[in-house]
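Single-structure report; data block below.
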Amino acid sequence: MEIVIKLSQFLLSLSLLIILHEFGHFLPAKIFKTKVEKFYLFFDIKFSLLKKKIGETEYGIGWLPLGGYVKIAGMIDESMDKEQMAQPPQPWEFRTKPAWQRLIIMLGGVIVNFILAFVIYIGMAFYYGDLYLNNSELKDGIAVTSQVGEELGFKTGDKILEVDGEKVVKFNEIQNKILFAKTVLVERNGVNQTISLPIDMIDKVLKGEKRPFIDWREPFMVGKVADSSKNKSLKPKDVIKSINGTETKYADQVIAFAKGNKGQTFNGIVLRDQKETPVKIHINEEGKLGIYAASFGVSSLEKLGIYKFSKQEYGFFESFGVGIEKGANQLVGYGKQLKAIFNPNTGAYKGVGGFKAIFDIFPKTWSWEIFWNITALLSIMLGVMNLLPIPALDGGHVIFLLYEMISGRKPSDKFLENAQMVGFVLLIALLLFANGNDIYKAIFNK
């Protein structure tokens with residue numbers, strides 16, 4: 001059932017993005033009285049799953065879910081319809097329209113992508129508000145949750161003050177900011193010190209565990225007691241408060257105590273059903289409790305008095321400013337990711353993924369909030385990627401149109417056909433690289 005939920009979200013999001021992107025080309029084409037021969041969701045190589053002709057346009061659904069397209073008469077595109085281009089130009093064709101109209105038609109898709117993202121963020125701000133944890137709430141500092149965090153120079157208990165000289169207000173934003181930062185200012189044992197981050201830190205993070213390398217500190221809550229464990233007196237949802245009289249407010253303190261007291265048994269106190277209950281806590285010879293820890297939800301952390309989360313709600317008009325700001329931040333953030341990807345020294349290119357990587361980011365349970373958040377981000381990514389100056393993409397067509405508008409000379413059809421072929425080869429190479437990365441990670445990074 002989980003795979004069905006993930007797949008449903010993935011296909012719904014992908015279909016929505018493709019249809020609206022192509023509609024961004026379709027609408028101005030129709031406004032400028034340009035004939036649109038086909039409008040397809042997914043590619044219909046050899047055959048289509050569904051199709052219906054309405055007026056001059058054939059609408060359909062292809063079988064290959066790698067994108068979609070609109071076929072505009074008189075345009076050199078992925079269809080490579082040389083026969084049509086060999087005919088005398090017609091007034092309803094793309095090639096006979098003024099350059100400024102062709103430019104608007106070509107930019108229509110990415111414009112719709114950006115508008116969609118901003119509309120989603122505005123709607124989410126109005127409907128859901130903004131739930132976050134103030135960085136100041138981490139009075140006992142962060143938890144370093146993987147070896148990567150330690151290698152980067154962080155220690156559990158560090159209080160993060162600034163990232164690249166900028167004070168961080170919301171803890172939720174810290175990890176993304178650190179990924180593209182050069183320095184982080186922390187307070188450690190009452191002393192401020194600067195951590196210099198390596199240029200290949202993204203590569204280090206990608207090679208690490210599939211979880212955040214830093215997080216907020218949480219208490220140790222029992223999830224499941226292993227069959228081999230002697231801690232049978234512990235029950236699911238027990239929160240370990242102390243061991244041998246030593247307060248264990250956070251899970252990392254429980255783990256550290258266990259590592260330092262291998263093969264011993266101690267009196268402990270757990271919080272069970274809102275009551276402090278004495279228990280025996282056994283530590284095995286490996287310095288472990290034989291217990292799988294459980295994660296806390298926001299409400300549970302607040303009930304325990306660990307953190308106080310902030311919920312900001314916005315009015316209808318107020319949500320416009322908040323949504324636009326978030327969309328702009330995501331756009332800038334994705335720009336930084338692309339810059340890192342094209343810099344081999346960062347190793348970020350190793351994290352480039354294809355359709356499996358996109359599929360994996362959708363949750364196993366249906367959540368409209370998460371769905372819309374992912375869809376907005378993917379819409380920005382699709383818009384930016386289509387603006388890349390590759391001939392087979394919208395950005396490549398835009399470059400040639402700008403050249404024509406500036407120089408007054410239109411590139412020949414033969415040149416455009418050759419450029420389209422080169423761009424198509426580049427696109428196939430990018431697809432193979434991205435999806436090849438998915439396959440490699442699935443085999444070797446399990």
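If you're wondering about the labels, chains in the structure tokens are A, B, ... by order shown, residues count from 1 in each chain, ligands from 1 in order shown.
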
Please report, as a Markdown table, each residue of segment 344-406 of chain A lying at most 6 Å from segment 109-130 of chain A, together with the nearest pair of atoms and the separation in Å rounded to one decimal; use only C-alpha atoms, and order rows by chain and ascending residue number.
```
| residue | atom | partner | partner_atom | distance |
| --- | --- | --- | --- | --- |
| A:Ala376 | CA | A:Ala117 | CA | 4.3 |
| A:Ser379 | CA | A:Asn113 | CA | 5.2 |
| A:Ile380 | CA | A:Phe114 | CA | 5.8 |
| A:Gly383 | CA | A:Val110 | CA | 4.4 |
```

(request) Using DSSP on the backbone coordinates, identify all residues within segment 126-300 of chain A classified as alpha helix (DSSP H); present the result as JSON, numbers by chain. (result) {"A": [126, 127, 147, 148, 149, 150, 151, 152, 174, 175, 176, 177, 178, 179, 201, 202, 203, 204, 205, 206, 207, 251, 252, 253, 254, 255, 256, 257, 258, 259, 298, 299, 300]}

Could those residues be written to a file, using N, CA and C atoms, as an mmCIF file, in the first residue's frame?
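Result file is again01.cif:
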```cif
data_model
loop_
_atom_site.group_PDB
_atom_site.id
_atom_site.type_symbol
_atom_site.label_atom_id
_atom_site.label_comp_id
_atom_site.auth_asym_id
_atom_site.auth_seq_id
_atom_site.Cartn_x
_atom_site.Cartn_y
_atom_site.Cartn_z
ATOM 1 N N PHE A 126 -1.143 30.654 3.756
ATOM 2 C CA PHE A 126 -2.482 31.017 4.228
ATOM 3 C C PHE A 126 -3.173 29.848 4.938
ATOM 4 N N TYR A 127 -3.065 28.651 4.367
ATOM 5 C CA TYR A 127 -3.822 27.505 4.888
ATOM 6 C C TYR A 127 -3.121 26.833 6.073
ATOM 7 N N GLN A 147 28.429 10.449 11.659
ATOM 8 C CA GLN A 147 29.879 10.630 11.635
ATOM 9 C C GLN A 147 30.256 11.813 10.756
ATOM 10 N N VAL A 148 29.451 12.071 9.733
ATOM 11 C CA VAL A 148 29.729 13.196 8.837
ATOM 12 C C VAL A 148 29.742 14.507 9.610
ATOM 13 N N GLY A 149 28.764 14.676 10.511
ATOM 14 C CA GLY A 149 28.712 15.893 11.315
ATOM 15 C C GLY A 149 29.967 16.080 12.138
ATOM 16 N N GLU A 150 30.475 14.986 12.692
ATOM 17 C CA GLU A 150 31.706 15.058 13.487
ATOM 18 C C GLU A 150 32.900 15.393 12.607
ATOM 19 N N GLU A 151 32.965 14.786 11.416
ATOM 20 C CA GLU A 151 34.070 15.055 10.493
ATOM 21 C C GLU A 151 34.086 16.518 10.045
ATOM 22 N N LEU A 152 32.914 17.119 9.962
ATOM 23 C CA LEU A 152 32.826 18.530 9.568
ATOM 24 C C LEU A 152 33.253 19.461 10.690
ATOM 25 N N ILE A 174 18.703 25.691 9.252
ATOM 26 C CA ILE A 174 20.148 25.667 9.464
ATOM 27 C C ILE A 174 20.862 24.686 8.543
ATOM 28 N N GLN A 175 20.372 23.452 8.456
ATOM 29 C CA GLN A 175 21.107 22.440 7.699
ATOM 30 C C GLN A 175 21.251 22.813 6.231
ATOM 31 N N ASN A 176 20.182 23.312 5.605
ATOM 32 C CA ASN A 176 20.269 23.719 4.194
ATOM 33 C C ASN A 176 21.252 24.868 4.004
ATOM 34 N N LYS A 177 21.272 25.789 4.962
ATOM 35 C CA LYS A 177 22.207 26.909 4.871
ATOM 36 C C LYS A 177 23.654 26.423 4.983
ATOM 37 N N ILE A 178 23.880 25.460 5.866
ATOM 38 C CA ILE A 178 25.233 24.943 6.073
ATOM 39 C C ILE A 178 25.757 24.242 4.828
ATOM 40 N N LEU A 179 24.889 23.569 4.080
ATOM 41 C CA LEU A 179 25.314 22.818 2.897
ATOM 42 C C LEU A 179 26.074 23.672 1.899
ATOM 43 N N MET A 201 32.095 19.485 1.013
ATOM 44 C CA MET A 201 31.249 19.008 2.106
ATOM 45 C C MET A 201 29.969 18.353 1.588
ATOM 46 N N ILE A 202 29.439 18.814 0.462
ATOM 47 C CA ILE A 202 28.236 18.190 -0.090
ATOM 48 C C ILE A 202 28.519 16.735 -0.438
ATOM 49 N N ASP A 203 29.713 16.489 -0.986
ATOM 50 C CA ASP A 203 30.116 15.116 -1.300
ATOM 51 C C ASP A 203 30.199 14.284 -0.025
ATOM 52 N N LYS A 204 30.731 14.855 1.034
ATOM 53 C CA LYS A 204 30.828 14.140 2.309
ATOM 54 C C LYS A 204 29.444 13.803 2.858
ATOM 55 N N VAL A 205 28.526 14.759 2.753
ATOM 56 C CA VAL A 205 27.164 14.529 3.239
ATOM 57 C C VAL A 205 26.475 13.449 2.431
ATOM 58 N N LEU A 206 26.687 13.468 1.108
ATOM 59 C CA LEU A 206 26.069 12.470 0.236
ATOM 60 C C LEU A 206 26.570 11.067 0.545
ATOM 61 N N LYS A 207 27.841 10.966 0.944
ATOM 62 C CA LYS A 207 28.420 9.657 1.249
ATOM 63 C C LYS A 207 28.006 9.152 2.629
ATOM 64 N N ALA A 251 18.851 11.753 24.508
ATOM 65 C CA ALA A 251 19.228 10.418 24.063
ATOM 66 C C ALA A 251 20.742 10.258 23.972
ATOM 67 N N ASP A 252 21.436 11.307 23.533
ATOM 68 C CA ASP A 252 22.897 11.190 23.408
ATOM 69 C C ASP A 252 23.568 10.960 24.755
ATOM 70 N N GLN A 253 22.949 11.448 25.853
ATOM 71 C CA GLN A 253 23.491 11.221 27.189
ATOM 72 C C GLN A 253 23.297 9.762 27.614
ATOM 73 N N VAL A 254 22.165 9.170 27.232
ATOM 74 C CA VAL A 254 21.924 7.755 27.512
ATOM 75 C C VAL A 254 22.939 6.899 26.768
ATOM 76 N N ILE A 255 23.148 7.214 25.493
ATOM 77 C CA ILE A 255 24.091 6.444 24.663
ATOM 78 C C ILE A 255 25.510 6.558 25.201
ATOM 79 N N ALA A 256 25.905 7.771 25.588
ATOM 80 C CA ALA A 256 27.255 7.981 26.133
ATOM 81 C C ALA A 256 27.438 7.226 27.454
ATOM 82 N N PHE A 257 26.418 7.239 28.306
ATOM 83 C CA PHE A 257 26.506 6.525 29.588
ATOM 84 C C PHE A 257 26.671 5.029 29.346
ATOM 85 N N ALA A 258 25.899 4.494 28.390
ATOM 86 C CA ALA A 258 25.964 3.060 28.098
ATOM 87 C C ALA A 258 27.339 2.668 27.568
ATOM 88 N N LYS A 259 27.909 3.487 26.706
ATOM 89 C CA LYS A 259 29.232 3.176 26.154
ATOM 90 C C LYS A 259 30.312 3.147 27.233
ATOM 91 N N VAL A 298 6.182 16.816 17.450
ATOM 92 C CA VAL A 298 6.242 18.174 17.982
ATOM 93 C C VAL A 298 5.463 18.287 19.288
ATOM 94 N N SER A 299 4.243 17.750 19.305
ATOM 95 C CA SER A 299 3.404 17.872 20.504
ATOM 96 C C SER A 299 4.020 17.157 21.699
ATOM 97 N N SER A 300 4.670 16.006 21.473
ATOM 98 C CA SER A 300 5.294 15.260 22.567
ATOM 99 C C SER A 300 6.458 16.034 23.173
#
```

(request) Find, counting only C-alpha atoms, the residue in A:Asn244, A:Asn172, A:Ser367, A:Gln90 that gets nearest to Ile214 of chain A. (result)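 Of all the options, A:Asn172 lies closest to Ile214 of chain A.
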
(request) Within segment 46-250 of chain A, find each residue whose DSSP state, derived from the backbone, is strand (DSSP E), and express the selection as a ChimeraX atom specification. (result) /A:46-54,57-72,130-132,142-144,159-163,166-167,183-188,191-196,214-216,221-225,239-243,246-247

(message) List the spatial neighbours of segment 24-34 of chain A as a ChimeraX atom specification - criterion: any atom at most 9 Å away, only C-alpha atoms, same-chain residues fewer than 6 positions off excluded.
(response) /A:70,72-74,91-94,97,101-102,104-113

(request) Find the residue from A:Tyr403, A:Asp360, A:Thr375, A:Thr365 that sits nearest to Ala442 of chain A; use only C-alpha atoms when measuring. (result)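 Closest candidate: A:Asp360.
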
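What separates atom CA of Leu50 of chain A from atom CA of Ser15 of chain A is a distance of 14.6 Å.
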
(message) For a quick check of understanding, using only C-alpha atoms, which of A:Gly354, A:Gly396, A:Gly153, A:Pro363 has the smallest distance to Ile5 of chain A?
(response)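 Smallest distance to Ile5 of chain A is found for A:Pro363.
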
(request) Do a neighbour search on Ile281 of chain A at 7 Å with only C-alpha atoms, toss out local chain neighbours closer than 2 positions, and write the hits as a PyMOL selection string. (result) chain A and resi 231+265-268+279+283

Write out the residues from the selection above, keeping N, CA and C atoms, as a PDB file, in the first residue's frame.
```pdb
ATOM      1  N   ASN A 231      16.532  -5.878  28.899  1.00  0.00           N
ATOM      2  CA  ASN A 231      15.699  -4.776  29.417  1.00  0.00           C
ATOM      3  C   ASN A 231      14.205  -5.024  29.178  1.00  0.00           C
ATOM      4  N   THR A 265      24.589  -3.224  35.291  1.00  0.00           N
ATOM      5  CA  THR A 265      23.167  -3.017  35.512  1.00  0.00           C
ATOM      6  C   THR A 265      22.973  -1.902  36.528  1.00  0.00           C
ATOM      7  N   PHE A 266      22.046  -0.998  36.260  1.00  0.00           N
ATOM      8  CA  PHE A 266      21.844   0.156  37.133  1.00  0.00           C
ATOM      9  C   PHE A 266      20.353   0.360  37.406  1.00  0.00           C
ATOM     10  N   ASN A 267      20.095   1.067  38.495  1.00  0.00           N
ATOM     11  CA  ASN A 267      18.734   1.536  38.747  1.00  0.00           C
ATOM     12  C   ASN A 267      18.479   2.740  37.845  1.00  0.00           C
ATOM     13  N   GLY A 268      17.280   2.810  37.304  1.00  0.00           N
ATOM     14  CA  GLY A 268      16.944   3.922  36.442  1.00  0.00           C
ATOM     15  C   GLY A 268      15.529   4.416  36.699  1.00  0.00           C
ATOM     16  N   VAL A 279      13.038   1.456  37.284  1.00  0.00           N
ATOM     17  CA  VAL A 279      13.295   0.260  36.471  1.00  0.00           C
ATOM     18  C   VAL A 279      14.759  -0.152  36.631  1.00  0.00           C
ATOM     19  N   ILE A 283      23.035  -2.897  30.596  1.00  0.00           N
ATOM     20  CA  ILE A 283      23.905  -2.490  29.490  1.00  0.00           C
ATOM     21  C   ILE A 283      24.715  -3.711  29.078  1.00  0.00           C
TER      22      ILE A 283
END
```

(message) Can you tell me which residues surround Gly297 of chain A at a distance of at most 12 Å, considering only C-alpha atoms, apart from same-chain residues fewer than 2 positions away, and format the answer as a PyMOL selection string?
(response) chain A and resi 218-219+221+294-295+299-304+306-307+309

(message) What does the structure give for the distance between atom CA of Lys159 of chain A and atom CA of Asp200 of chain A, in Å to one decimal?
(response)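 Going from atom CA of Lys159 of chain A over to atom CA of Asp200 of chain A covers 23.5 Å.
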
(message) Under the rule that only C-alpha atoms are counted, which of A:Glu285, A:Val144, A:Glu166, A:Ser310 is the nearest residue to Pro212 of chain A?
(response) A:Val144

(request) Determine the nearest neighbour of Leu12 of chain A from the options A:Ile374, A:Ala226, A:Ala181, A:Ile160, counting only C-alpha atoms. (result)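 Looking only at the distances to Leu12 of chain A, the closest residue turns out to be A:Ile374.
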
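Take the candidates A:Phe10, A:Phe180, A:Tyr334, A:Phe42 and check each one against Thr346 of chain A using only C-alpha atoms; the shortest distance goes to A:Phe180.
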
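Between atom CA of Phe43 of chain A and atom CA of Leu64 of chain A there is a distance of 5.0 Å.
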